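K.L.:
Okay, so here is coords09.txt, and as you'll see once you scroll down, it has compact mmCIF, C-alpha atoms and all ligand atoms.
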```
# COMPACT_ATOMS: atom_id res chain seq x y z
CA MET A 1 -30.48 13.28 5.91
CA THR A 2 -29.22 11.29 8.84
CA HIS A 3 -26.12 11.98 10.90
CA LEU A 4 -24.45 9.20 8.88
CA ASP A 5 -24.44 11.39 5.79
CA HIS A 6 -21.77 13.53 7.43
CA LEU A 7 -19.43 10.62 8.12
CA PRO A 8 -17.04 9.40 5.45
CA LEU A 9 -17.59 5.83 4.32
CA PRO A 10 -15.61 3.31 6.33
CA VAL A 11 -12.46 1.85 4.71
CA PRO A 12 -12.21 -1.94 5.02
CA LEU A 13 -8.87 -3.75 5.32
CA VAL A 14 -9.66 -5.63 2.09
CA ASP A 15 -12.30 -4.87 -0.55
CA LEU A 16 -12.71 -7.46 -3.29
CA GLY A 17 -15.41 -5.55 -5.20
CA PHE A 18 -13.00 -4.17 -7.80
CA GLN A 19 -11.75 -7.67 -8.63
CA HIS A 20 -15.26 -9.19 -8.70
CA ALA A 21 -16.45 -6.57 -11.18
CA ALA A 22 -13.52 -7.18 -13.53
CA ILE A 23 -14.09 -10.95 -13.85
CA ASN A 24 -17.84 -11.19 -13.35
CA ASP A 25 -18.89 -12.09 -16.91
CA GLU A 26 -16.02 -14.51 -17.42
CA VAL A 27 -16.80 -16.25 -14.13
CA HIS A 28 -20.49 -16.67 -14.93
CA ALA A 29 -19.70 -18.17 -18.33
CA GLY A 30 -17.18 -20.53 -16.71
CA PHE A 31 -19.58 -21.54 -13.94
CA ASP A 32 -22.12 -22.45 -16.63
CA ARG A 33 -19.52 -24.68 -18.30
CA VAL A 34 -18.76 -26.48 -15.03
CA MET A 35 -22.45 -26.96 -14.24
CA ASN A 36 -23.11 -28.28 -17.73
CA ASN A 37 -20.28 -30.79 -17.79
CA GLY A 38 -20.44 -31.65 -14.08
CA SER A 39 -16.69 -31.51 -13.42
CA PHE A 40 -17.04 -30.02 -9.96
CA ILE A 41 -13.86 -31.48 -8.48
CA LEU A 42 -10.53 -31.15 -10.35
CA GLY A 43 -11.36 -31.62 -14.05
CA PRO A 44 -10.65 -29.44 -17.10
CA GLU A 45 -11.08 -26.01 -15.49
CA VAL A 46 -8.63 -26.93 -12.73
CA GLU A 47 -6.17 -28.42 -15.24
CA ARG A 48 -6.37 -25.28 -17.35
CA PHE A 49 -5.57 -23.16 -14.31
CA GLU A 50 -2.78 -25.48 -13.13
CA GLY A 51 -1.09 -25.22 -16.53
CA ALA A 52 -1.44 -21.44 -16.70
CA PHE A 53 -0.16 -20.91 -13.16
CA ALA A 54 2.80 -23.26 -13.76
CA ALA A 55 3.75 -21.28 -16.89
CA TYR A 56 3.30 -17.98 -15.05
CA CYS A 57 5.49 -19.04 -12.11
CA GLY A 58 8.08 -20.81 -14.26
CA VAL A 59 7.67 -24.26 -12.68
CA GLU A 60 7.03 -27.68 -14.20
CA HIS A 61 4.05 -28.67 -12.06
CA VAL A 62 1.18 -27.00 -10.25
CA LEU A 63 -1.31 -29.19 -8.38
CA GLY A 64 -4.53 -27.69 -7.07
CA VAL A 65 -5.46 -28.70 -3.54
CA ALA A 66 -8.10 -27.74 -0.99
CA ASN A 67 -6.22 -24.96 0.85
CA GLY A 68 -2.77 -23.56 1.58
CA THR A 69 -2.26 -25.48 4.80
CA ASP A 70 -2.85 -28.76 2.98
CA ALA A 71 -0.49 -27.66 0.20
CA LEU A 72 2.38 -27.27 2.68
CA GLU A 73 1.53 -30.54 4.45
CA LEU A 74 1.41 -32.39 1.12
CA VAL A 75 4.76 -30.93 0.03
CA LEU A 76 6.39 -32.29 3.19
CA ARG A 77 4.68 -35.68 2.95
CA ALA A 78 5.57 -35.98 -0.73
CA ALA A 79 9.21 -35.36 0.21
CA ARG A 80 8.80 -38.15 2.79
CA ILE A 81 9.37 -35.76 5.67
CA GLY A 82 7.60 -36.88 8.84
CA VAL A 83 8.07 -38.39 12.28
CA GLY A 84 11.40 -37.50 13.87
CA ASP A 85 12.33 -34.99 11.17
CA GLU A 86 12.87 -31.33 11.99
CA VAL A 87 11.48 -28.56 9.83
CA ILE A 88 12.77 -25.02 10.31
CA LEU A 89 10.36 -22.08 9.85
CA PRO A 90 10.06 -18.50 11.11
CA ALA A 91 8.30 -17.71 14.43
CA ASN A 92 6.49 -14.75 12.81
CA THR A 93 4.25 -16.45 10.30
CA PHE A 94 0.58 -17.23 9.99
CA VAL A 95 0.01 -20.25 12.21
CA ALA A 96 -0.81 -22.48 9.20
CA THR A 97 2.88 -22.86 8.28
CA ALA A 98 3.54 -24.49 11.65
CA GLU A 99 0.31 -26.52 11.58
CA ALA A 100 1.30 -28.08 8.26
CA VAL A 101 4.59 -29.30 9.77
CA LEU A 102 2.82 -30.83 12.77
CA ARG A 103 0.22 -32.49 10.57
CA ALA A 104 2.98 -34.06 8.49
CA GLY A 105 4.17 -35.56 11.78
CA ALA A 106 7.43 -33.60 11.86
CA VAL A 107 8.96 -31.39 14.54
CA VAL A 108 8.48 -27.60 14.37
CA LYS A 109 11.80 -25.79 14.77
CA LEU A 110 11.18 -22.03 14.93
CA VAL A 111 13.75 -19.32 14.20
CA ASP A 112 13.72 -15.53 14.44
CA CYS A 113 13.16 -13.08 11.59
CA ASP A 114 15.09 -10.02 10.40
CA GLU A 115 14.07 -6.32 10.38
CA ASP A 116 12.22 -6.86 7.09
CA PHE A 117 10.01 -9.51 8.73
CA LEU A 118 11.66 -12.31 6.72
CA ILE A 119 13.17 -15.52 8.08
CA ASP A 120 16.78 -14.85 9.13
CA PRO A 121 19.22 -17.08 7.20
CA GLU A 122 21.83 -16.81 9.97
CA ALA A 123 19.27 -18.06 12.49
CA VAL A 124 18.56 -20.95 10.14
CA ARG A 125 22.26 -21.73 9.90
CA SER A 126 22.60 -22.00 13.68
CA SER A 127 19.42 -24.11 13.97
CA VAL A 128 20.35 -26.77 11.43
CA SER A 129 20.99 -30.13 13.12
CA VAL A 130 21.43 -33.74 12.00
CA HIS A 131 17.63 -34.06 12.25
CA THR A 132 16.88 -31.11 9.94
CA ARG A 133 15.13 -32.30 6.78
CA ALA A 134 13.44 -29.14 5.51
CA VAL A 135 13.45 -25.34 5.76
CA ILE A 136 10.39 -23.25 4.92
CA GLY A 137 10.99 -19.73 3.60
CA VAL A 138 7.82 -17.71 4.20
CA HIS A 139 7.37 -14.84 1.73
CA LEU A 140 5.68 -12.69 4.34
CA TYR A 141 3.46 -9.71 3.43
CA GLY A 142 4.28 -10.02 -0.30
CA GLN A 143 8.04 -10.13 -0.71
CA MET A 144 10.23 -13.15 -1.06
CA ALA A 145 12.53 -14.51 1.60
CA PRO A 146 16.18 -14.59 0.40
CA MET A 147 16.00 -18.11 -1.02
CA GLU A 148 19.61 -18.24 -2.21
CA LEU A 149 20.85 -17.35 1.29
CA LEU A 150 18.45 -19.87 2.84
CA ARG A 151 19.70 -22.56 0.46
CA GLU A 152 23.28 -21.84 1.46
CA ALA A 153 22.46 -21.70 5.19
CA SER A 154 20.36 -24.89 5.10
CA GLY A 155 23.05 -27.13 3.67
CA PRO A 156 22.94 -29.40 0.62
CA ASP A 157 20.62 -32.04 2.12
CA ALA A 158 17.75 -29.87 3.30
CA PHE A 159 14.54 -29.77 1.26
CA LEU A 160 13.78 -26.12 0.66
CA VAL A 161 10.10 -25.15 0.74
CA GLU A 162 8.47 -21.84 -0.18
CA ASP A 163 5.33 -20.65 1.58
CA LEU A 164 4.08 -18.24 -1.08
CA ALA A 165 0.56 -17.83 0.27
CA GLN A 166 1.13 -14.07 0.57
CA ALA A 167 3.29 -13.57 -2.50
CA GLN A 168 1.73 -14.83 -5.73
CA GLY A 169 3.51 -13.02 -8.53
CA ALA A 170 6.39 -11.66 -6.42
CA THR A 171 9.89 -12.07 -7.84
CA ARG A 172 13.44 -12.25 -6.51
CA PHE A 173 16.18 -11.34 -9.00
CA GLY A 174 13.56 -11.98 -11.68
CA ALA A 175 12.48 -15.46 -10.51
CA ARG A 176 8.87 -15.92 -9.43
CA ALA A 177 7.83 -16.98 -5.96
CA GLY A 178 7.45 -20.75 -6.04
CA SER A 179 10.23 -21.37 -8.56
CA LEU A 180 13.31 -21.19 -6.33
CA GLY A 181 12.64 -23.85 -3.69
CA ASP A 182 12.42 -27.62 -4.13
CA ALA A 183 8.67 -27.17 -3.80
CA GLY A 184 6.20 -24.52 -2.72
CA GLY A 185 2.77 -24.30 -1.19
CA THR A 186 0.31 -21.49 -1.77
CA SER A 187 -3.18 -20.52 -0.67
CA PHE A 188 -6.08 -19.15 -2.68
CA TYR A 189 -8.00 -17.94 0.38
CA PRO A 190 -10.24 -15.15 -1.00
CA GLY A 191 -8.20 -12.27 0.43
CA LYS A 192 -4.84 -13.41 -0.95
CA ASN A 193 -3.41 -11.63 -4.01
CA LEU A 194 -4.68 -14.55 -6.10
CA GLY A 195 -7.84 -15.60 -4.30
CA ALA A 196 -10.65 -18.05 -5.04
CA TYR A 197 -14.34 -17.78 -4.12
CA GLY A 198 -13.79 -20.09 -1.16
CA ASP A 199 -10.86 -22.17 0.06
CA GLY A 200 -8.19 -23.37 -2.33
CA GLY A 201 -4.46 -23.92 -2.59
CA ALA A 202 -1.72 -25.38 -4.74
CA VAL A 203 1.60 -27.18 -4.67
CA LEU A 204 4.33 -25.94 -7.04
CA THR A 205 7.40 -27.96 -7.93
CA ASN A 206 9.91 -28.83 -10.64
CA SER A 207 10.25 -32.35 -9.24
CA ASP A 208 8.34 -35.05 -11.14
CA LEU A 209 8.57 -37.24 -8.05
CA VAL A 210 7.01 -34.68 -5.70
CA ALA A 211 4.32 -33.86 -8.27
CA ASP A 212 3.47 -37.52 -8.75
CA MET A 213 3.21 -38.07 -4.98
CA VAL A 214 1.03 -34.99 -4.43
CA ARG A 215 -1.23 -35.96 -7.35
CA ALA A 216 -1.89 -39.25 -5.56
CA LEU A 217 -1.92 -38.00 -1.95
CA ARG A 218 -4.47 -35.23 -2.65
CA ASN A 219 -6.87 -37.83 -4.06
CA HIS A 220 -7.00 -40.58 -1.39
CA GLY A 221 -3.57 -41.83 -2.38
CA GLY A 222 -4.23 -42.66 -6.02
CA THR A 223 -5.11 -41.22 -9.41
CA ASN A 224 -7.04 -44.24 -10.64
CA ARG A 225 -10.40 -44.88 -9.05
CA TYR A 226 -10.27 -47.41 -6.18
CA GLU A 227 -6.52 -47.86 -6.50
CA HIS A 228 -4.82 -46.42 -3.41
CA ARG A 229 -1.03 -46.35 -3.53
CA PHE A 230 -0.88 -44.55 -0.19
CA ALA A 231 -3.19 -43.65 2.66
CA GLY A 232 -3.69 -40.12 1.37
CA LEU A 233 -6.29 -37.48 2.03
CA ASN A 234 -9.06 -35.64 0.29
CA SER A 235 -7.59 -32.29 -0.71
CA ARG A 236 -8.68 -31.24 -4.18
CA LEU A 237 -9.42 -27.96 -5.90
CA ASP A 238 -12.97 -27.43 -7.20
CA GLY A 239 -13.81 -26.80 -10.85
CA LEU A 240 -15.63 -23.59 -9.97
CA GLN A 241 -12.49 -22.30 -8.24
CA GLY A 242 -10.46 -23.20 -11.34
CA VAL A 243 -12.69 -20.82 -13.32
CA VAL A 244 -12.25 -17.96 -10.83
CA LEU A 245 -8.49 -18.48 -10.53
CA SER A 246 -7.90 -18.57 -14.31
CA ALA A 247 -9.81 -15.31 -14.68
CA LYS A 248 -7.89 -13.67 -11.84
CA LEU A 249 -4.48 -14.99 -12.90
CA ALA A 250 -4.82 -13.20 -16.24
CA ARG A 251 -5.10 -9.94 -14.28
CA LEU A 252 -2.69 -10.66 -11.44
CA ASP A 253 0.27 -8.61 -12.72
CA GLY A 254 -1.94 -5.56 -13.23
CA TRP A 255 -3.50 -5.90 -9.80
CA ASN A 256 -0.11 -6.40 -8.14
CA GLN A 257 1.05 -3.20 -9.89
CA LEU A 258 -1.95 -1.35 -8.40
CA ARG A 259 -0.90 -2.65 -4.97
CA ARG A 260 2.65 -1.37 -5.55
CA ASP A 261 1.28 2.01 -6.66
CA ALA A 262 -0.84 2.21 -3.49
CA ALA A 263 2.19 1.25 -1.38
CA ARG A 264 4.29 3.97 -3.01
CA TYR A 265 1.56 6.51 -2.28
CA TYR A 266 1.48 5.46 1.39
CA ASP A 267 5.29 5.81 1.47
CA GLU A 268 4.93 9.40 0.22
CA LEU A 269 2.16 10.30 2.64
CA LEU A 270 4.01 8.83 5.62
CA VAL A 271 7.40 10.35 4.90
CA ASP A 272 7.00 13.22 7.38
CA LEU A 273 5.80 10.99 10.24
CA PRO A 274 9.08 10.04 11.92
CA GLU A 275 7.41 7.64 14.39
CA VAL A 276 6.13 5.47 11.55
CA VAL A 277 8.55 2.95 10.06
CA ILE A 278 7.45 2.13 6.51
CA PRO A 279 8.06 -1.29 4.88
CA ARG A 280 11.33 -1.75 3.04
CA VAL A 281 11.66 -3.62 -0.23
CA VAL A 282 14.67 -5.91 0.05
CA GLU A 283 17.26 -5.65 -2.73
CA GLY A 284 16.46 -7.97 -5.62
CA ASN A 285 12.79 -8.24 -4.68
CA GLU A 286 9.70 -7.12 -6.50
CA HIS A 287 7.14 -6.76 -3.71
CA VAL A 288 3.44 -7.52 -4.31
CA PHE A 289 2.18 -5.88 -1.09
CA HIS A 290 -0.27 -8.51 0.05
CA LEU A 291 -0.13 -6.35 3.18
CA TYR A 292 1.27 -2.88 3.84
CA VAL A 293 2.79 -3.25 7.29
CA VAL A 294 4.18 -0.28 9.21
CA ARG A 295 5.67 -0.04 12.70
CA VAL A 296 4.15 2.47 15.12
CA PRO A 297 4.48 3.27 18.82
CA HIS A 298 1.40 2.65 21.03
CA ARG A 299 0.18 0.27 18.35
CA ASP A 300 -2.95 -1.03 20.12
CA ARG A 301 -4.19 2.48 20.89
CA ILE A 302 -3.49 3.66 17.35
CA VAL A 303 -5.42 0.71 15.88
CA GLU A 304 -8.28 1.47 18.25
CA HIS A 305 -8.30 5.13 17.24
CA LEU A 306 -8.34 4.24 13.53
CA THR A 307 -11.14 1.71 14.07
CA LYS A 308 -13.24 4.42 15.72
CA GLN A 309 -12.72 6.55 12.59
CA GLY A 310 -14.06 3.68 10.46
CA ILE A 311 -10.64 2.56 9.23
CA SER A 312 -9.98 -1.15 9.51
CA ALA A 313 -6.32 -1.34 10.41
CA SER A 314 -5.27 -4.78 11.60
CA VAL A 315 -2.28 -6.71 12.96
CA HIS A 316 -0.53 -9.59 11.15
CA TYR A 317 0.20 -11.13 13.57
CA PRO A 318 -0.23 -9.94 17.17
CA VAL A 319 1.26 -13.11 18.75
CA PRO A 320 4.15 -15.13 17.26
CA VAL A 321 3.63 -18.88 16.86
CA HIS A 322 5.61 -19.95 19.97
CA LEU A 323 3.51 -17.71 22.28
CA GLN A 324 0.17 -19.05 20.98
CA PRO A 325 -1.61 -21.24 23.55
CA GLY A 326 -1.92 -24.01 20.97
CA PHE A 327 1.86 -24.18 20.66
CA ALA A 328 2.72 -24.16 24.37
CA ASP A 329 4.05 -27.71 23.90
CA LEU A 330 7.01 -26.27 22.03
CA GLY A 331 8.18 -25.04 25.43
CA LEU A 332 9.53 -21.78 24.05
CA PRO A 333 9.08 -18.90 26.53
CA ARG A 334 8.89 -15.18 25.77
CA GLY A 335 12.40 -14.04 24.93
CA SER A 336 13.06 -17.00 22.59
CA PHE A 337 12.81 -14.86 19.43
CA PRO A 338 13.42 -11.25 20.48
CA LEU A 339 12.90 -9.58 17.12
CA ALA A 340 9.73 -11.48 16.17
CA GLU A 341 8.32 -10.66 19.60
CA HIS A 342 9.34 -7.00 19.49
CA LEU A 343 7.93 -6.50 15.98
CA SER A 344 4.64 -8.18 16.92
CA ASP A 345 4.07 -5.34 19.41
CA GLU A 346 4.67 -2.58 16.84
CA ILE A 347 3.30 -3.79 13.51
CA MET A 348 0.07 -2.53 11.98
CA SER A 349 -1.41 -3.35 8.55
CA LEU A 350 -3.06 -0.48 6.69
CA PRO A 351 -5.81 -1.22 4.14
CA ILE A 352 -4.40 -2.16 0.72
CA TYR A 353 -6.06 -3.81 -2.29
CA PRO A 354 -6.41 -3.23 -6.01
CA GLY A 355 -8.95 -0.43 -6.36
CA ILE A 356 -8.17 1.46 -3.14
CA THR A 357 -8.35 5.16 -4.01
CA THR A 358 -5.84 7.90 -3.19
CA GLU A 359 -8.73 9.69 -1.47
CA GLN A 360 -9.19 6.70 0.85
CA GLN A 361 -5.45 6.58 1.50
CA ASP A 362 -5.42 10.32 2.27
CA ARG A 363 -8.13 9.78 4.86
CA ILE A 364 -6.36 6.80 6.39
CA VAL A 365 -3.12 8.72 6.80
CA THR A 366 -4.92 11.82 8.14
CA ALA A 367 -6.56 9.65 10.79
CA LEU A 368 -3.18 8.08 11.59
CA ARG A 369 -1.58 11.53 11.82
CA ASN A 370 -4.31 12.63 14.26
CA ALA A 371 -3.96 9.50 16.37
CA LEU A 372 -0.20 9.95 16.63
CA SER A 373 -0.41 13.63 17.55
CA LEU A 374 -3.00 12.82 20.23
CA HIS A 375 -0.60 10.33 21.77
CA ARG A 376 2.28 12.76 21.47
CA GLN A 377 0.23 15.35 23.39
CA ARG A 378 -0.76 12.83 26.05
CA ALA A 379 2.84 11.74 26.49
CA ALA A 380 3.92 15.40 26.84
CA LEU A 381 1.21 16.01 29.46
CA ARG A 382 2.32 12.93 31.40
CA ALA A 383 5.89 14.17 31.30
CA VAL A 384 4.83 17.58 32.74
CA GLY A 385 2.34 16.30 35.32
C1 LIG B 401 -3.03 -17.92 4.25
C2 LIG B 401 -1.72 -18.52 4.63
C3 LIG B 401 -1.53 -19.91 4.75
C4 LIG B 401 -2.64 -20.91 4.73
O1 LIG B 401 -3.56 -20.89 3.78
P1 LIG B 401 -5.03 -21.50 3.96
O2 LIG B 401 -5.50 -21.57 2.56
O3 LIG B 401 -5.80 -20.56 4.81
O4 LIG B 401 -4.91 -22.85 4.58
C5 LIG B 401 -0.25 -20.37 4.97
N1 LIG B 401 0.79 -19.54 5.14
C6 LIG B 401 0.64 -18.20 5.08
C7 LIG B 401 1.84 -17.33 5.26
C8 LIG B 401 -0.62 -17.65 4.84
O5 LIG B 401 -0.75 -16.32 4.81
```
Take the structure in the file and give it back as structure tokens.
Ligand SMILES: *Cc1c(COP(=O)(O)O)cnc(C)c1O

P.N.:
Amino acid sequence: MTHLDHLPLPVPLVDLGFQHAAINDEVHAGFDRVMNNGSFILGPEVERFEGAFAAYCGVEHVLGVANGTDALELVLRAARIGVGDEVILPANTFVATAEAVLRAGAVVKLVDCDEDFLIDPEAVRSSVSVHTRAVIGVHLYGQMAPMELLREASGPDAFLVEDLAQAQGATRFGARAGSLGDAGGTSFYPGKNLGAYGDGGAVLTNSDLVADMVRALRNHGGTNRYEHRFAGLNSRLDGLQGVVLSAKLARLDGWNQLRRDAARYYDELLVDLPEVVIPRVVEGNEHVFHLYVVRVPHRDRIVEHLTKQGISASVHYPVPVHLQPGFADLGLPRGSFPLAEHLSDEIMSLPIYPGITTEQQDRIVTALRNALSLHRQRAALRAVG
């Protein structure tokens, strides 16, 4: 016996073990196929996955690329959006959304979000200018941005893009993420709801033109060897990742349901903690809880307290895009996007993944309850003293 035997096991933010176990045999058989036929880049396993994911999402074309950032860049380039064009996106996203716009050569035009962390269509409406060519709806944390409102606010000429890196399988009024914009980009980073065993991503579109362009651009600007229609890039999905993604896609709906079940259980456990604001599912949305994000007072101290108890709470994201040092060139001071800034000080992501147990969730919420009551006591003491 060591003192460690008395401590509960730590709870990570994400645990992929449950998913690995479910697909292990299928993945090994598929890896053998790829190694035997040598189709390591694109090839039949990738095509099989692209077809299955297109059918699942209800889109004409899926094109596997190297990562989610490339997917968004390629979408913009395929739509011939670049130098001098403005692209509108929310200030509270993972930095990759903004990087993709810059790498396409276009101008990043940030807007604020709403109370549900989603891009605010009214903010989009007031940001549209004669230079606006595209608007990116980011389906943050696992639920879809209101695409129909964004379409209306963006005007008839804007190219509407979905960033569905955090929302594979989510729906809005029954339509899957990736099927409502003019094109979408997604990521298969291992921790996403549909994750590869390494980097990966995909472009989704109903447009034959965009699909044709991306098919060429991702492969040095051409689909025939040594014929380069454009100066493209090297951004292709690996055969091994095609195997993993096909196996996981077949289980995605079940795993997303487990995430929803876990979210509902958190909702129940947190109901009597008035300081904690639980995530809201927007009307019309089926949420896939890539992250379970609550709002709490004294966020940094609460996260620290949980970490000391072995619970990996995290923050997505602590600093909005315009306040990141790398985006100082945008010239947008604090105060530019009040809600995104305010929320970034209060948000905290609790562990969620398929396979998390109710016992783990009980422990997480007990630790959170203790942390909050400690801070309540301290605040009361300060008020007295
Ligand atoms: C993960 C993510 C990306 C980028 O994906 P990579 O595969 O890491 O390049 C883009 N947007 C959002 C919202 C993401 O969460």

K.L.:
Find the residues near ligand LIG 401 (chain B). Use a cut-off of 6 Å, count all atoms listed in the file, and write them as JSON, numbers by chain.

P.N.:
{"A": [67, 68, 69, 93, 94, 96, 97, 163, 165, 166, 187, 188, 189, 199, 200, 201]}

K.L.:
Using only C-alpha atoms, which residue out of A:Gln324, A:Ser207, A:Asn193, A:Thr358 lies closest to Ala79 (chain A)?

P.N.:
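The answer is A:Ser207, which sits nearest to Ala79 (chain A).
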
K.L.:
Taking into account all atoms listed in the file, which residue in the set A:Ala106, A:Ala78, A:Ala202, A:Val243 is nearest to Met35 (chain A)?

P.N.:
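For Met35 (chain A), the nearest of the candidates is A:Val243.
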
K.L.:
I'd like the interatomic distance between CA of Val95 (chain A) and CA of Arg259 (chain A), to a tenth of an Å.

P.N.:
24.6 Å

K.L.:
Which polymer residues have any atom within 10 Å of an atom of Arg80 (chain A), counting all atoms listed in the file, with same-chain residues fewer than 3 positions away left out, as a PyMOL selection string?

P.N.:
chain A and resi 74-77+83+85+104+133+210+213

K.L.:
Interatomic distance between CA of Tyr292 (chain A) and CA of Val14 (chain A)?

P.N.:
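Atom-to-atom, CA of Tyr292 (chain A) to CA of Val14 (chain A), that is 11.4 Å.
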